[in-house]
Every structure is written in structure tokens, then in C-alpha cells.
Amino acid sequence: MPNKRLEGRVAWVSGGASGMGEAVAELFAAEGACVVVADIQQERGQLLAARISANGGSAHFSYCDVTQDIQVRASIDDAASRFGGLEILVNCAGVVHVGPLHEYTETNWDALMSVNLKPIFFSLKHALPHFRLSRRSYIVNIGSVGSFVGQGLTPAYIASKHAVLGLSRSIALDYAAYGLRCNCICPGITDTPMLRYHLSTTADPAANLAARLRRVPMGVAMYPRDIARAALFLSCEDSSGITGTSLVVDGGYIAAAEWDTAAPTQFMKDPL
Ligand SMILES: NC(=O)c1ccc[n+]([C@@H]2O[C@H](COP(=O)([O-])OP(=O)(O)OC[C@H]3O[C@@H](n4cnc5c(N)ncnc54)[C@H](O)[C@@H]3O)[C@@H](O)[C@H]2O)c1
């Protein structure tokens with residue numbers, strides 16, 4: 001049996017109660033990490049931590065509104081003292097606001113940026129003193145294919161995701177001296193509650209999803225576990241030497257300027 005890849009590591013996962021964060025928490029715990037699920041969804045987060053523990057893993061739910069610097073600090077410090085250190089941050093918390101920019105209020109704009117962008121700054125600041133006690137540490141930020149291209153009716157979201165990639169690159173440069181590697185995963189269409197919410201704002205969610213997936217060469221939405229596997233790779237020495245970069249997990253979406261998946265693909269016919 002190969003060693004578990006995160007044995008003895010402590011990971012703090014924001015937005016860990018749902019979607020990609022939930023998949024990250026489960027996979028990291030299965031790989032031996034002690035995981036802190038930091039989220040505002042208390043019931044869901046507690047159930048997840050209990051499920052991980054029941055499966056023999058180590059997890060703790062930490063109520064944390066990532067827009068609040070003081071809560072991020074308390075949650076990170078608690079993670080480090082509870083489990084005896086901290087080596088990994090995965091920043092998954094995110095929200096989307098749908099509508100044309102001229103209909104936004106300043107509050108809409110600020111609310112989105114304060115979840116999608118600012119907590120990366122807060123979490124880096126508060127994790128750094130703990131990271132400095134380890135030879136290696138890792139930050140994985142969740143960007144989006146929208147870190148590279150635009151998308152209709154989500155201007156602040158797209159701006160925030162471009163910024164997440166830029167911030168990830170900058171962190172990688174400034175903290176390499178500390179043994180920290182920082183990378184950004186850029187998911188495409190991924191089947192999570194956020195995607196379902198986004199689709200629900202359209203007239204015909206099923207038709208809207210089908211139309212979006214025709215634009216994806218693999219023809220399928222990503223599963224949260226696809227993103228979790230990429231996060232695992234970037235949170236251990238399997239990715240030694242990789243920092244300040246983006247890992248696109250999108251079924252081929254941004255490889256082409258235009259695409260129309262007319263015939264069923266093997267990924268559609270035979271999901272693994
Ligand atoms: N689903 C997609 O298609 C897709 C594509 C590209 C990028 N993303 C990004 O992936 C990340 C994860 O999203 P998801 O799709 O898993 O959505 P999700 O809604 O399932 O998960 C987001 C989590 O963030 C948490 N959260 C929101 N505000 C918070 C706050 N103030 N404090 C703490 N936690 C908070 C939510 O409670 C939720 O658990 C997000 O950054 C999102 O922008 C999603």
C-alpha cells in the first residue's frame with residue numbers, strides 16, 4: 001500500500017461544506033490530512049465533519065464567515081492549535097451574482113469581492129506564522145475558466161476570478177522564500193449547488209445546461225471530485241516545482257475559441 005499523500009498534514013478548507021470544498025475535505029481526509037471545514041453552513045459542515053470522522057478520518061467544522069478578518073484569524077489559529085500545525089490552505093468559498101453591471105448596487109459588488117477575493121488575503125496573512133514552522137506549505141485558490149475569459153451577466157464574478165489568478169501568482173513570488181507554493185485551479189462547468197443556482201436564474205435550466213455542455217469538448221460537467229484531485233496534486237510534493245501557475249480543469253472548454261459537441265463522447269456515454 002502506498003503511503004497516504006497527506007499523512008500528518010493539516011488543511012484548512014474555506015467553503016468546505018459544499019460542492020468542491022466538500023469534495024476536497026473528503027479526499028484530503030482520506031489521504032490522511034486533518035481537515036478543518038470552514039464555512040457559514042453550520043449544519044452541512046458539521047454533518048460532513050461527522051461523516052469524515054465516521055469513515056476513520058480527522059475533521060472539524062469551524063464556523064467562519066470568510067468576509068470577516070477576525071473570524072478567519074480565529075478559525076486558522078484554532079485549526080493550528082487543535083491539530084498541531086497548519087500546512088495547507090484551500091480557498092474554495094465563493095458566490096456568484098447574476099445581472100448586467102449597470103443594475104448592480106455598490107453593495108452587490110462589494111459583497112461578491114469580499115467573499116471571492118479578499119479572504120485569500122486574510123487567510124494568507126493568518127496562516128503565514130503557522131506555515132513558517134513547516135519546511136513546505138501550500139495554498140490552492142479556486143479561480144475559474146472565468147480567470148481567463150469573460151462570461152455574460154456575471155461581470156463582478158469574472159473580475160474577481162481574474163483577480164484570484166493574479167493574486168495567486170503574486171503570492172507565489174513573494175512567499176517562495178518561506179517554502180510556500182501557491183497555485184490556482186481554474187474549473188469549468190462543475191456540478192455543484194452554485195452551478196444549480198446559476199442555472200435556476202435562467203428560463204429553462206435543463207436546456208441552458210445542455211447548451212453550455214455542447215461548448216465542452218468532453219461533453220460533461222466536471223464532478224467536484226475532479227477539482228479535489230487537482231487540489232490534492234497541488235497540495236503535496238507530487239507537484240514539487242509548480243508554483244504561481246493555473247491548472248485548468250474544464251473538460252477542454254477553453255482549449256477552443258468555438259466548439260460544438262454534437263455527437264455523444266465516451267465521457268458522456270461511460271462516466272467513471
Ligand atoms: N460550480 C462551477 O461551475 C464553478 C466553476 C468555476 C469556479 N467555481 C468556483 O468554485 C468555488 C466553489 O464553488 P462551488 O461550485 O463548489 O459552490 P458551492 O456553492 O457548492 O460552495 C461554495 C461554498 O462557499 C461557502 N461560502 C459562501 N460564502 C461564504 C462566506 N462568507 N464564508 C464562508 N463560506 C462561504 C458556501 O456556504 C458554500 O459552502 C467557488 O469559488 C466558485 O466560484 C465554480
# chains A, B, ... in the order shown; residues from 1 in each chain; ligands from 1
>>> residues_near_ligand(ligand="ligand 1", cutoff="7 Å", atoms="only C-alpha atoms and all ligand atoms", output="number ranges by chain")
A: 14-21, 38-41, 64-67, 92-96, 115-116, 142-145, 186-195, 224
>>> select_by_dssp(residues="range 25-248 of chain A", states="helix (DSSP H, G or I)", output="ChimeraX atom specification")
/A:25-30,42-54,69-83,101-103,106-116,118-131,145-147,155-178,193-200,205-214,224-234,237-239
>>> write_last_selection(atoms="C-alpha atoms", output="compact mmCIF listing (two decimals), in the first residue's frame")
# COMPACT_ATOMS: atom_id res chain seq x y z
CA ALA A 25 -12.30 17.89 2.54
CA GLU A 26 -13.32 14.28 1.92
CA LEU A 27 -10.39 13.47 -0.37
CA PHE A 28 -7.80 15.18 1.80
CA ALA A 29 -9.08 13.36 4.90
CA ALA A 30 -8.97 10.05 3.02
CA GLN A 42 -23.08 25.07 10.01
CA GLU A 43 -25.39 22.06 9.74
CA ARG A 44 -23.93 20.86 6.45
CA GLY A 45 -20.37 21.40 7.64
CA GLN A 46 -20.96 19.55 10.91
CA LEU A 47 -22.55 16.62 9.07
CA LEU A 48 -19.57 16.46 6.73
CA ALA A 49 -17.07 16.50 9.60
CA ALA A 50 -19.05 13.74 11.34
CA ARG A 51 -19.13 11.67 8.13
CA ILE A 52 -15.37 12.02 7.68
CA SER A 53 -14.79 11.01 11.30
CA ALA A 54 -17.14 8.03 10.95
CA ASP A 69 -10.86 39.03 9.05
CA ILE A 70 -11.27 38.31 12.75
CA GLN A 71 -13.18 35.08 12.07
CA VAL A 72 -10.62 33.89 9.53
CA ARG A 73 -7.86 34.51 12.04
CA ALA A 74 -9.69 32.66 14.83
CA SER A 75 -10.53 29.72 12.57
CA ILE A 76 -6.97 29.35 11.27
CA ASP A 77 -5.38 29.70 14.70
CA ASP A 78 -7.83 27.17 16.10
CA ALA A 79 -7.03 24.73 13.26
CA ALA A 80 -3.32 25.00 14.01
CA SER A 81 -3.66 24.56 17.77
CA ARG A 82 -6.27 21.79 17.51
CA PHE A 83 -4.20 19.66 15.14
CA LEU A 101 -23.29 45.62 -14.40
CA HIS A 102 -25.44 48.76 -14.64
CA GLU A 103 -28.05 47.10 -12.43
CA GLU A 106 -22.24 49.03 -4.81
CA THR A 107 -23.31 46.57 -2.10
CA ASN A 108 -23.68 43.76 -4.68
CA TRP A 109 -20.19 44.46 -5.98
CA ASP A 110 -18.56 44.69 -2.55
CA ALA A 111 -20.35 41.60 -1.24
CA LEU A 112 -19.05 39.48 -4.09
CA MET A 113 -15.48 40.72 -3.86
CA SER A 114 -15.44 40.26 -0.11
CA VAL A 115 -16.20 36.52 -0.49
CA ASN A 116 -14.35 35.66 -3.71
CA LYS A 118 -10.43 39.38 -0.03
CA PRO A 119 -10.40 36.17 2.08
CA ILE A 120 -7.36 34.96 0.15
CA PHE A 121 -5.52 37.94 1.60
CA PHE A 122 -6.91 37.30 5.11
CA SER A 123 -6.09 33.59 5.07
CA LEU A 124 -2.53 34.09 3.78
CA LYS A 125 -1.86 36.66 6.47
CA HIS A 126 -3.09 34.48 9.31
CA ALA A 127 -1.67 31.19 8.03
CA LEU A 128 1.82 32.54 7.42
CA PRO A 129 3.02 32.39 11.05
CA HIS A 130 1.99 28.71 11.11
CA PHE A 131 3.39 27.98 7.66
CA VAL A 145 -12.21 29.43 -16.58
CA GLY A 146 -13.52 32.94 -15.94
CA SER A 147 -9.97 33.78 -14.77
CA PRO A 155 -19.12 40.83 -14.58
CA ALA A 156 -18.08 41.08 -10.92
CA TYR A 157 -17.65 37.32 -10.67
CA ILE A 158 -15.39 37.28 -13.73
CA ALA A 159 -13.41 40.27 -12.44
CA SER A 160 -12.98 38.52 -9.09
CA LYS A 161 -11.75 35.32 -10.75
CA HIS A 162 -9.23 37.18 -12.92
CA ALA A 163 -8.01 38.76 -9.68
CA VAL A 164 -7.79 35.41 -7.88
CA LEU A 165 -5.34 34.19 -10.53
CA GLY A 166 -3.28 37.38 -10.36
CA LEU A 167 -3.19 37.27 -6.57
CA SER A 168 -2.15 33.59 -6.65
CA ARG A 169 0.77 34.42 -8.93
CA SER A 170 1.87 37.30 -6.71
CA ILE A 171 1.68 35.22 -3.52
CA ALA A 172 3.78 32.53 -5.22
CA LEU A 173 6.56 35.05 -5.87
CA ASP A 174 6.59 36.80 -2.53
CA TYR A 175 6.46 33.69 -0.33
CA ALA A 176 8.58 31.15 -2.21
CA ALA A 177 11.37 32.06 0.20
CA TYR A 178 9.26 30.57 3.02
CA PRO A 193 -25.04 23.80 -5.77
CA MET A 194 -23.52 27.02 -7.16
CA LEU A 195 -23.97 25.80 -10.73
CA ARG A 196 -27.53 24.71 -9.95
CA TYR A 197 -28.26 28.15 -8.51
CA HIS A 198 -26.78 29.87 -11.55
CA LEU A 199 -28.89 27.69 -13.87
CA SER A 200 -32.01 28.39 -11.82
CA PRO A 205 -32.22 25.36 -16.56
CA ALA A 206 -32.03 21.93 -18.27
CA ALA A 207 -31.86 23.45 -21.75
CA ASN A 208 -29.36 26.03 -20.54
CA LEU A 209 -27.10 23.32 -19.11
CA ALA A 210 -27.35 21.23 -22.28
CA ALA A 211 -26.43 24.26 -24.39
CA ARG A 212 -23.45 25.03 -22.15
CA LEU A 213 -22.21 21.45 -22.29
CA ARG A 214 -22.19 21.47 -26.09
CA PRO A 224 -16.41 18.17 -7.61
CA ARG A 225 -14.01 15.25 -7.16
CA ASP A 226 -12.22 16.23 -10.40
CA ILE A 227 -11.36 19.54 -8.77
CA ALA A 228 -10.45 17.82 -5.48
CA ARG A 229 -7.96 15.57 -7.26
CA ALA A 230 -6.28 18.61 -8.81
CA ALA A 231 -6.18 20.27 -5.37
CA LEU A 232 -4.56 17.16 -3.89
CA PHE A 233 -1.88 17.21 -6.58
CA LEU A 234 -1.10 20.85 -5.81
CA GLU A 237 5.10 17.03 -3.32
CA ASP A 238 3.61 15.33 -6.39
CA SER A 239 3.62 18.88 -7.75
>>> residues_around(residues="Asp260 in chain A", least_positions_apart="3", cutoff="12 Å", atoms="only C-alpha atoms", output="PDB file with C-alpha atoms, in the first residue's frame")
ATOM      1  CA  ALA A 210     -27.353  21.229 -22.276  1.00  0.00           C
ATOM      2  CA  ALA A 211     -26.428  24.262 -24.388  1.00  0.00           C
ATOM      3  CA  ARG A 212     -23.450  25.033 -22.146  1.00  0.00           C
ATOM      4  CA  LEU A 213     -22.208  21.447 -22.286  1.00  0.00           C
ATOM      5  CA  ARG A 214     -22.194  21.475 -26.090  1.00  0.00           C
ATOM      6  CA  ARG A 215     -19.424  24.032 -25.710  1.00  0.00           C
ATOM      7  CA  VAL A 216     -17.367  21.466 -23.708  1.00  0.00           C
ATOM      8  CA  PRO A 217     -15.317  19.005 -25.829  1.00  0.00           C
ATOM      9  CA  MET A 218     -15.666  16.234 -23.225  1.00  0.00           C
ATOM     10  CA  GLY A 219     -19.406  16.941 -23.266  1.00  0.00           C
ATOM     11  CA  GLY A 252     -11.423  21.191 -22.720  1.00  0.00           C
ATOM     12  CA  TYR A 253     -13.662  24.270 -22.552  1.00  0.00           C
ATOM     13  CA  ALA A 256     -11.074  26.131 -28.319  1.00  0.00           C
ATOM     14  CA  ALA A 257     -12.499  29.518 -29.260  1.00  0.00           C
ATOM     15  CA  ALA A 263     -22.095  13.525 -31.042  1.00  0.00           C
ATOM     16  CA  PRO A 264     -22.013  11.819 -27.634  1.00  0.00           C
ATOM     17  CA  THR A 265     -18.469  11.465 -26.286  1.00  0.00           C
TER      18      THR A 265
END
>>> select_by_dssp(residues="range 20-257 of chain A", states="strand (DSSP E or B)", output="NGL selection string")
:A and (34-39 or 58-63 or 88-91 or 137-142 or 180-187 or 190 or 222 or 246-249)
>>> atom_distance(atom1="CA of Trp259 in chain A", atom2="CA of Val220 in chain A")
13.5 Å
>>> atom_distance(atom1="CA of Lys4 in chain A", atom2="CA of Gly32 in chain A")
5.8 Å
>>> atom_distance(atom1="CA of Ala221 in chain A", atom2="CA of Ser240 in chain A")
28.7 Å
>>> closest_residue(among="A:Glu31, A:Gly241, A:Thr154, A:Ala262", to="His97 in chain A", atoms="only C-alpha atoms")
A:Thr154
